[in-house]
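Engineer: Please read through the structure below; I'll follow up with questions.
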Amino acid sequence: MPQMQPAEALATCEQALRSLIATVLAKKLGKDWISQVFPEERAVKIRAIRDEEAGRRTRRGVASVPSSELAYAQFFDILSPAEEVLGRLQARAGQSERDVGAAQPLRSTAQLRGPQP
């Protein structure tokens, strides 16, 4: 079985995480979930990046571009929504935080974020 290179594996995992977060939050909060999750200034900036990238890519002939705002957000932008989604998944599975070892590093990411732009 072929193996992914580390950079490809990381990018694939990040894309899957972004997709999961967007799906869960859209179901919970509705189509305009981004306005409820991010401060207005950040949501506007992410949407502007999405629109700019979509325009640039379609002019070059790219057949499909991601429509989700999270595809254009910086990684630190998705940490808070990721924590919320992880908490919902844990609750649904009936597990406590101590039962999910992967939750601990994600929960401590607030220290890594630093000041938000």
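Chain identifiers are assigned as A, B, and so on, following the order in which chains appear in the structure tokens; residues are numbered from 1 within each chain, and ligands are numbered from 1 in order of appearance.
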As a VMD selection string, please: the residues near stretch 45-60 of chain A (cut-off 10 Å, only C-alpha atoms, same-chain neighbours under 4 positions excluded).

Structural biologist: chain A and resid 34 38 40 to 41 64 to 74 77

Engineer: So, with only C-alpha atoms as the atoms that count, which of A:Ala22, A:Leu29, A:Ala63, A:Ala7 lies closest to A:Ala82?

Structural biologist: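 Ranked by minimum distance to A:Ala82, first place goes to A:Ala22.
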
Engineer: Report the distance between atom CA of A:Gln3 and atom CA of A:Ile78 in Å, rounded to one decimal place.

Structural biologist: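 Separating atom CA of A:Gln3 from atom CA of A:Ile78 is a distance of 27.1 Å.
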
Engineer: How many Å lie between atom CA of A:Ala11 and atom CA of A:Glu83, rounded to one decimal?

Structural biologist: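 Going from atom CA of A:Ala11 over to atom CA of A:Glu83, I get 19.0 Å.
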
Engineer: For A:Val37, which residue out of A:Gln15, A:Pro6, A:Gly61, A:Val85 is the nearest one, using only C-alpha atoms?

Structural biologist: A:Val85

Engineer: Can you measure atom CA of A:Gln90 to atom CA of A:Leu25 for me? One decimal in Å is fine.

Structural biologist: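 Value for the atom CA of A:Gln90-atom CA of A:Leu25 distance: 15.2 Å.
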
Engineer: Compare A:Val44, A:Val62, A:Ala26, A:Leu20 by their minimum atom-to-atom distance to A:Leu89, counting only C-alpha atoms, and give me the closest one.

Structural biologist: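 Selected residue with least distance to A:Leu89: A:Leu20.
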
Engineer: Nearest to A:Ser19 among A:Asp32, A:Met4, A:Ala91, A:Pro81, with distances taken over only C-alpha atoms: which residue is it?

Structural biologist: A:Pro81
